[in-house]
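See structure below.
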Amino acid sequence: MSALINRRDLDFLLYDWLDVPALCATARYAQHDRATFESVIEAAHTLAEEKFLPFAAKLDANEPMFDGERVHIVPEVKDALRAYVEGGFLSAAFDADVGGSQLPYVVAQAVASLFASANGPAVGYMMLTAAAANLLRAHGTAEQQARYMRPMIEGRWFGTMCLSEPQAGSSLGDIKTRAAPQPDGSYRITGNKMWISGGEHELSENIVHLVLARIEGAPAGVKGISLFIVPKFHVNDDGTLGARNGVRLAGLNHKMGCRGTVNTVLNFGETPCAGYLVGKPNEGLACMFHMMNEARIGVGLAGVMSGYAGYLFALDYARQRPQGRPVGDKNPDSKPVAIIAHSDVRRMLLQQKAYVEGGLALCLYCAKLVDEKATAGDAKQKEELGLLLEILTPIAKAWPAEFCLEANKLAIQVLGGYGYTRDYPVERHYRDNRLNAIHEGTNGIQGLDLLGRKVTMKSGAAFRLLLARMQQTARAAVEPELAEHATALNEALARAARTTQALAAVAMQGNVELFLANAHLYLEMLGHTVVAWLWLQQAQCALRARAGTAAGADRDFLDGKLAACRYFFRHELPKTQHQAELLARLDDTSLTLRPETL
């Protein structure tokens with residue numbers, strides 16, 4: 001059994017459920033077929049197992065260190081990332097005209113899941129670089145793309161995103177980094193940035209920082225933020241590297257998890273620091289959101305795969321670890337049974353399975369929406385797919401970060417005392433995953449984004465589209481085995497619609513604070529409803545497959561899908577009823593709480 005993923009599950013999601021090969025009928029992906037996808041995934045799986053997984057524990061135990069001059073990272077990271085680039089995985093989803101393989105984004109995300117499971121902190125440098133290159137693809141000039149984007153796609157230079165500052169955190173309207181126009185058209189950048197992943201290292205020839213700053217005289221708040229390219233080394237007109245630019249490492253942040261992705265405090269302008277404007281002045285945040293939204297789906301996938309890796313280890317451990325006897329066996333001389341024989345252990349494993357396989361379905365579904373939008377035949381269809389992606393992105397980021405972390409907790413519990421030791425990887429996966437609730441906007445911010453922006457955008461168009469898709473699935477679930485779940489989903493959808501309407505009425509009355517007071521709870525309610533919807537789709541697909549010639553291990557796999565769906569509908573979806581009641585009641589417990597009483 002693979003330590004990274006259940007390959008049958010990945011095939012089921014890509015081919016049986018999402019029908020990814022159908023994308024090959026479009027002009028954009030016509031050069032590919034299922035054989036291409038399987039070859040790429042198999043190559044990625046081999047590389048992840050052979051080059052990334054073996055040093056994951058070593059990287060965690062030997063986090064990057066700064067000696068005052070250089071950042072030291074275990075050498076295996078550079079070797080693995082070189083193999084990743086040479087294998088074509090960094091450029092896989094980029095268009096052919098910029099040097100990529102033009103694979104569907106959903107296939108690229110399937111590949112990313114394997115590396116995230118094997119060694120997420122090591123591959124984090126690649127995720128940031130791909131997102132930075134994509135931002136320049138969308139918003140950079142032709143000259144900026146040639147000078148900065150191409151070397152990143154080639155894997156020679158790495159990229160970062162520099163948003164937060166020590167005094168501002170997530171409140172980007174309060175950033176103080178400044179950009180002063182220079183006669184040559186560049187800007188002089190001065191300020192400080194905090195929590196910058198991949199901010200300093202010697203893993204690549206150059207580092208391209210994408211930095212939010214204010215041009216002198218810009219409006220206050222988020223409306224006055226611009227975006228700049230700030231390279232570690234200046235780049236000459238012929239593409240060669242010049243002198244060091246004025247961005248310097250002030251220190252490293254030492255985290256509880258994801259230790260292998262160096263996290264930095266950066267100073268800009270101790271010596272002259274040149275930056276180059278991306279897009280228009282004062283529109284930097286809109287440009288940066290192109291990178292942030294991609295990164296949010298990536299963070300969601302990272303959360304899924306930390307939970308998935310922990311689940312697979314706990315499952316294998318439970319099958320091999322003898323301990324205890326069946327409840328009815330009172331004979332002290334009988335042999336202990338494997339702990340998977342105990343119903344409570346099976347409960348914990350099934351709960352993990354429901355979370356991580358549901359989370360993976362959510363992330364891959366969002367990835368396929370990206371492909372469908374890119375290949376849409378008309379403007380209306382493209383707009384609708386964009387709206388679906390907008391409303392699902394905060395859920396895809398935050399739901400796995402919350403509930404796949406719960407899967408990690410359960411994996412530790414399955415191992416008992418051993419789960420808390422570093423002799424086994426489950427505690428490391430938990431620590432790595434804990435950061436995902438903070439990465440790329442805290443889960444609380446995702447709740448505010450979902451309810452405060454995405455649900456209300458275009459008079460609720462995105463919410464209505466999502467609701468219609470989920471209702472369509474419930475209507476189509478006519479199989480007797482799924483009748484109970486279809487009814488439960490319909491009831492949950494009606495609750496979500498009523499709750500959203502009640503909250504929107506409060507917003508229309510102008511009481512925005514009360515409207516958003518429990519946005520985190522709204523995200524959990526809608527997130528659970530969405531994952532239940534995707535589980536029902538998986539169950540329908542499993543029933544169709546089981547009606548064929550499924551037998552042996554494949555029959556067991558399909559029965560497992562149906563069991564996980566049943567668990568989610570009976571144990572998880574009912575939680576949305578209480579959440580909906582609290583939301584509709586406009587509970588103000590936290591809103592009216594006086595700070596002095598805490």
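In the structure tokens, chains take the letters A, B, ... in the order shown, each chain's residues start at 1, and ligands count up from 1 in the order shown.
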Which residues are near Gly100 of chain A? Cut-off 6 Å, only C-alpha atoms, ignore same chain within fewer than 6 positions. Put them as a ChimeraX atom specification. /A:91-92,94
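Backbone DSSP over segment 252-348 of chain A gives strand (DSSP E) for Leu252, Asn263, Thr264, Val265, Leu266, Asn267, Phe268, Ala274, Gly275, Tyr276, Leu277 and Val278 of chain A.
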Shell around Asp67 of chain A at 12 Å using only C-alpha atoms, local window under 4 positions removed, as JSON, numbers by chain: {"A": [71, 72, 73, 249, 250, 251, 252]}
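With distances restricted to only C-alpha atoms, A:Phe228 is the closest residue to Cys162 of chain A from A:Tyr148, A:Phe52, A:Tyr125, A:Phe228.
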List the spatial neighbours of segment 429-433 of chain A as a ChimeraX atom specification - criterion: any atom at most 7 Å away, only C-alpha atoms, same-chain residues fewer than 3 positions off excluded. /A:256-258,303,306,310,401,405,408-409,425-426,436
Pairwise distance for atom CA of Val230 of chain A and atom CA of Ala286 of chain A, rounded to one decimal in Å: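 Between these atoms lies a distance of 18.1 Å.
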In Å, how far is it from atom CA of Gly377 of chain A to atom CA of Val107 of chain A?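 Computing the Euclidean distance for atom CA of Gly377 of chain A and atom CA of Val107 of chain A yields 21.0 Å.
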Considering only C-alpha atoms, state which residue in the set A:His520, A:Arg259, A:Arg347, A:Arg594 is at the smallest distance from Leu451 of chain A.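 Ranking A:His520, A:Arg259, A:Arg347, A:Arg594 by distance to Leu451 of chain A, first place goes to A:His520.
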Please provide as a PyMOL selection string all residues within 12 Å of Leu514 of chain A, with the sequence filter that same-chain residues fewer than 6 positions apart are discarded (counting only C-alpha atoms). chain A and resi 448+451-452+502-508+583-592
Writer output for current selection, C-alpha atoms, as a PDB file, in the first residue's frame:
ATOM      1  CA  LEU A 448     -15.806  36.630   6.558  1.00  0.00           C
ATOM      2  CA  LEU A 451     -20.415  35.260   4.010  1.00  0.00           C
ATOM      3  CA  GLY A 452     -19.481  38.912   3.637  1.00  0.00           C
ATOM      4  CA  ALA A 502     -32.186  35.528   7.311  1.00  0.00           C
ATOM      5  CA  LEU A 503     -28.592  36.724   7.560  1.00  0.00           C
ATOM      6  CA  ALA A 504     -28.852  38.730   4.337  1.00  0.00           C
ATOM      7  CA  ALA A 505     -31.891  40.527   5.738  1.00  0.00           C
ATOM      8  CA  VAL A 506     -29.798  41.650   8.714  1.00  0.00           C
ATOM      9  CA  ALA A 507     -27.100  42.932   6.372  1.00  0.00           C
ATOM     10  CA  MET A 508     -29.645  44.861   4.326  1.00  0.00           C
ATOM     11  CA  LEU A 583     -27.072  31.498  12.860  1.00  0.00           C
ATOM     12  CA  ALA A 584     -30.778  32.140  12.264  1.00  0.00           C
ATOM     13  CA  ARG A 585     -31.178  33.122  15.911  1.00  0.00           C
ATOM     14  CA  LEU A 586     -28.552  35.825  15.277  1.00  0.00           C
ATOM     15  CA  ASP A 587     -26.650  34.760  18.354  1.00  0.00           C
ATOM     16  CA  ASP A 588     -24.683  37.728  19.657  1.00  0.00           C
ATOM     17  CA  THR A 589     -22.788  36.013  22.489  1.00  0.00           C
ATOM     18  CA  SER A 590     -19.330  36.875  21.124  1.00  0.00           C
ATOM     19  CA  LEU A 591     -20.403  40.203  19.661  1.00  0.00           C
ATOM     20  CA  THR A 592     -21.767  41.622  22.932  1.00  0.00           C
TER      21      THR A 592
END
From a backbone DSSP assignment, name each residue in segment 194-328 of chain A labelled alpha helix (DSSP H), as a VMD selection string. chain A and resid 284 to 320
Would you put the residues from that selection into a file with C-alpha atoms, as a JSON list (two decimals), in the first residue's frame?
[["chain", "number", "residue", "atom", "x", "y", "z"],
["A", 284, "GLY", "CA", -1.88, 45.71, -6.11],
["A", 285, "LEU", "CA", -4.24, 43.85, -3.84],
["A", 286, "ALA", "CA", -6.43, 42.81, -6.77],
["A", 287, "CYS", "CA", -3.32, 41.49, -8.54],
["A", 288, "MET", "CA", -2.08, 39.71, -5.43],
["A", 289, "PHE", "CA", -5.43, 37.99, -4.98],
["A", 290, "HIS", "CA", -4.68, 36.11, -8.20],
["A", 291, "MET", "CA", -1.78, 34.50, -6.36],
["A", 292, "MET", "CA", -3.59, 34.25, -3.04],
["A", 293, "ASN", "CA", -6.64, 32.46, -4.46],
["A", 294, "GLU", "CA", -4.44, 29.88, -6.15],
["A", 295, "ALA", "CA", -2.45, 29.53, -2.94],
["A", 296, "ARG", "CA", -5.67, 29.07, -0.94],
["A", 297, "ILE", "CA", -6.65, 26.03, -2.99],
["A", 298, "GLY", "CA", -3.08, 24.80, -2.55],
["A", 299, "VAL", "CA", -3.27, 25.28, 1.22],
["A", 300, "GLY", "CA", -6.54, 23.36, 1.29],
["A", 301, "LEU", "CA", -4.89, 20.51, -0.61],
["A", 302, "ALA", "CA", -1.92, 20.60, 1.78],
["A", 303, "GLY", "CA", -4.35, 20.28, 4.68],
["A", 304, "VAL", "CA", -6.05, 17.35, 3.02],
["A", 305, "MET", "CA", -2.82, 15.50, 2.35],
["A", 306, "SER", "CA", -1.42, 15.97, 5.85],
["A", 307, "GLY", "CA", -4.64, 14.39, 7.09],
["A", 308, "TYR", "CA", -4.56, 11.73, 4.36],
["A", 309, "ALA", "CA", -0.97, 10.69, 5.13],
["A", 310, "GLY", "CA", -1.82, 10.42, 8.83],
["A", 311, "TYR", "CA", -4.91, 8.36, 8.04],
["A", 312, "LEU", "CA", -2.98, 5.90, 5.87],
["A", 313, "PHE", "CA", -0.35, 5.41, 8.56],
["A", 314, "ALA", "CA", -2.97, 4.94, 11.28],
["A", 315, "LEU", "CA", -4.84, 2.46, 9.06],
["A", 316, "ASP", "CA", -1.72, 0.39, 8.43],
["A", 317, "TYR", "CA", -0.79, 0.55, 12.11],
["A", 318, "ALA", "CA", -4.27, -0.55, 13.20],
["A", 319, "ARG", "CA", -4.10, -3.58, 10.92],
["A", 320, "GLN", "CA", -0.78, -4.71, 12.39]]
Which of these residues is nearest to Ala492 of chain A, using only C-alpha atoms: A:Glu63, A:Glu372, A:Asp559, A:Glu572? A:Glu572
Name all residues at most 8 Å from Ala354 of chain A (count only C-alpha atoms; drop same-chain ones fewer than 6 positions away) and give them as number ranges by chain. A: 564-565, 567-568
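For the pair atom CA of Val111 of chain A and atom CA of Ala44 of chain A, the separation is 6.1 Å.
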Neighbours of Tyr29 of chain A within 10 Å (only C-alpha atoms; same-chain residues fewer than 2 positions away dropped), as a PyMOL selection string? chain A and resi 21-27+31-33+101-104+371+375
For those residues, write N, CA, C and O atoms to a file as a CSV table (one decimal), in the first residue's frame.
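Heads up, here's the output in again29.csv:
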chain,number,residue,atom,x,y,z
A,21,PRO,N,-10.6,12.8,-18.4
A,21,PRO,CA,-10.2,12.6,-19.8
A,21,PRO,C,-11.2,13.4,-20.7
A,21,PRO,O,-10.8,13.7,-21.9
A,22,ALA,N,-12.4,13.7,-20.3
A,22,ALA,CA,-13.3,14.4,-21.2
A,22,ALA,C,-12.7,15.8,-21.5
A,22,ALA,O,-13.1,16.4,-22.6
A,23,LEU,N,-11.8,16.3,-20.7
A,23,LEU,CA,-11.2,17.6,-21.0
A,23,LEU,C,-10.4,17.5,-22.3
A,23,LEU,O,-10.1,18.6,-22.9
A,24,CYS,N,-9.9,16.3,-22.6
A,24,CYS,CA,-9.1,16.2,-23.8
A,24,CYS,C,-9.9,16.4,-25.1
A,24,CYS,O,-9.3,16.5,-26.2
A,25,ALA,N,-11.2,16.5,-25.0
A,25,ALA,CA,-12.0,16.8,-26.2
A,25,ALA,C,-12.0,18.3,-26.5
A,25,ALA,O,-12.5,18.7,-27.6
A,26,THR,N,-11.4,19.1,-25.6
A,26,THR,CA,-11.3,20.6,-25.9
A,26,THR,C,-10.0,20.9,-26.6
A,26,THR,O,-9.0,20.1,-26.5
A,27,ALA,N,-10.0,22.0,-27.3
A,27,ALA,CA,-8.7,22.4,-28.0
A,27,ALA,C,-7.6,22.6,-27.0
A,27,ALA,O,-6.4,22.2,-27.4
A,31,GLN,N,-4.0,17.6,-26.9
A,31,GLN,CA,-2.7,16.9,-27.1
A,31,GLN,C,-2.5,15.8,-26.0
A,31,GLN,O,-1.6,15.0,-26.1
A,32,HIS,N,-3.5,15.7,-25.0
A,32,HIS,CA,-3.3,14.8,-23.9
A,32,HIS,C,-4.4,13.7,-24.0
A,32,HIS,O,-5.4,13.8,-24.7
A,33,ASP,N,-4.2,12.6,-23.2
A,33,ASP,CA,-5.2,11.6,-23.0
A,33,ASP,C,-5.0,11.0,-21.7
A,33,ASP,O,-4.1,11.4,-20.9
A,101,SER,N,3.8,22.2,-19.9
A,101,SER,CA,3.2,21.0,-20.5
A,101,SER,C,1.7,21.2,-20.8
A,101,SER,O,1.1,20.3,-21.4
A,102,GLN,N,1.1,22.3,-20.3
A,102,GLN,CA,-0.3,22.6,-20.5
A,102,GLN,C,-1.2,21.4,-20.1
A,102,GLN,O,-2.1,21.1,-20.8
A,103,LEU,N,-0.8,20.8,-19.0
A,103,LEU,CA,-1.7,19.8,-18.4
A,103,LEU,C,-2.9,20.4,-17.7
A,103,LEU,O,-2.8,21.6,-17.3
A,104,PRO,N,-4.0,19.7,-17.6
A,104,PRO,CA,-5.2,20.3,-16.9
A,104,PRO,C,-4.8,20.6,-15.4
A,104,PRO,O,-4.0,19.9,-14.8
A,371,ASP,N,-10.3,24.3,-14.9
A,371,ASP,CA,-10.1,23.8,-16.3
A,371,ASP,C,-11.4,24.1,-17.1
A,371,ASP,O,-11.3,24.5,-18.3
A,375,THR,N,-11.8,26.4,-20.5
A,375,THR,CA,-12.2,25.8,-21.8
A,375,THR,C,-13.7,26.1,-22.1
A,375,THR,O,-14.2,25.6,-23.1
A:Asp449, A:Glu513, A:Glu440, A:Asp554: which is nearest Ser164 of chain A, counting only C-alpha atoms? A:Glu440
Pull the closest atom pair for each residue of segment 363-405 of chain A that gets at most 8 Å from segment 465-480 of chain A, along with the distance in Å to one decimal, counting only C-alpha atoms, ordering rows by chain and then ascending residue number, as a Markdown table.
| residue | atom | partner | partner_atom | distance |
| --- | --- | --- | --- | --- |
| A:Glu384 | CA | A:Leu465 | CA | 7.5 |
| A:Leu387 | CA | A:Leu465 | CA | 8.0 |
| A:Leu388 | CA | A:Leu466 | CA | 6.3 |
With distances taken over only C-alpha atoms, the candidate from A:Gly124, A:Gly155, A:Gly260, A:Gly419 nearest Asn62 of chain A is A:Gly260
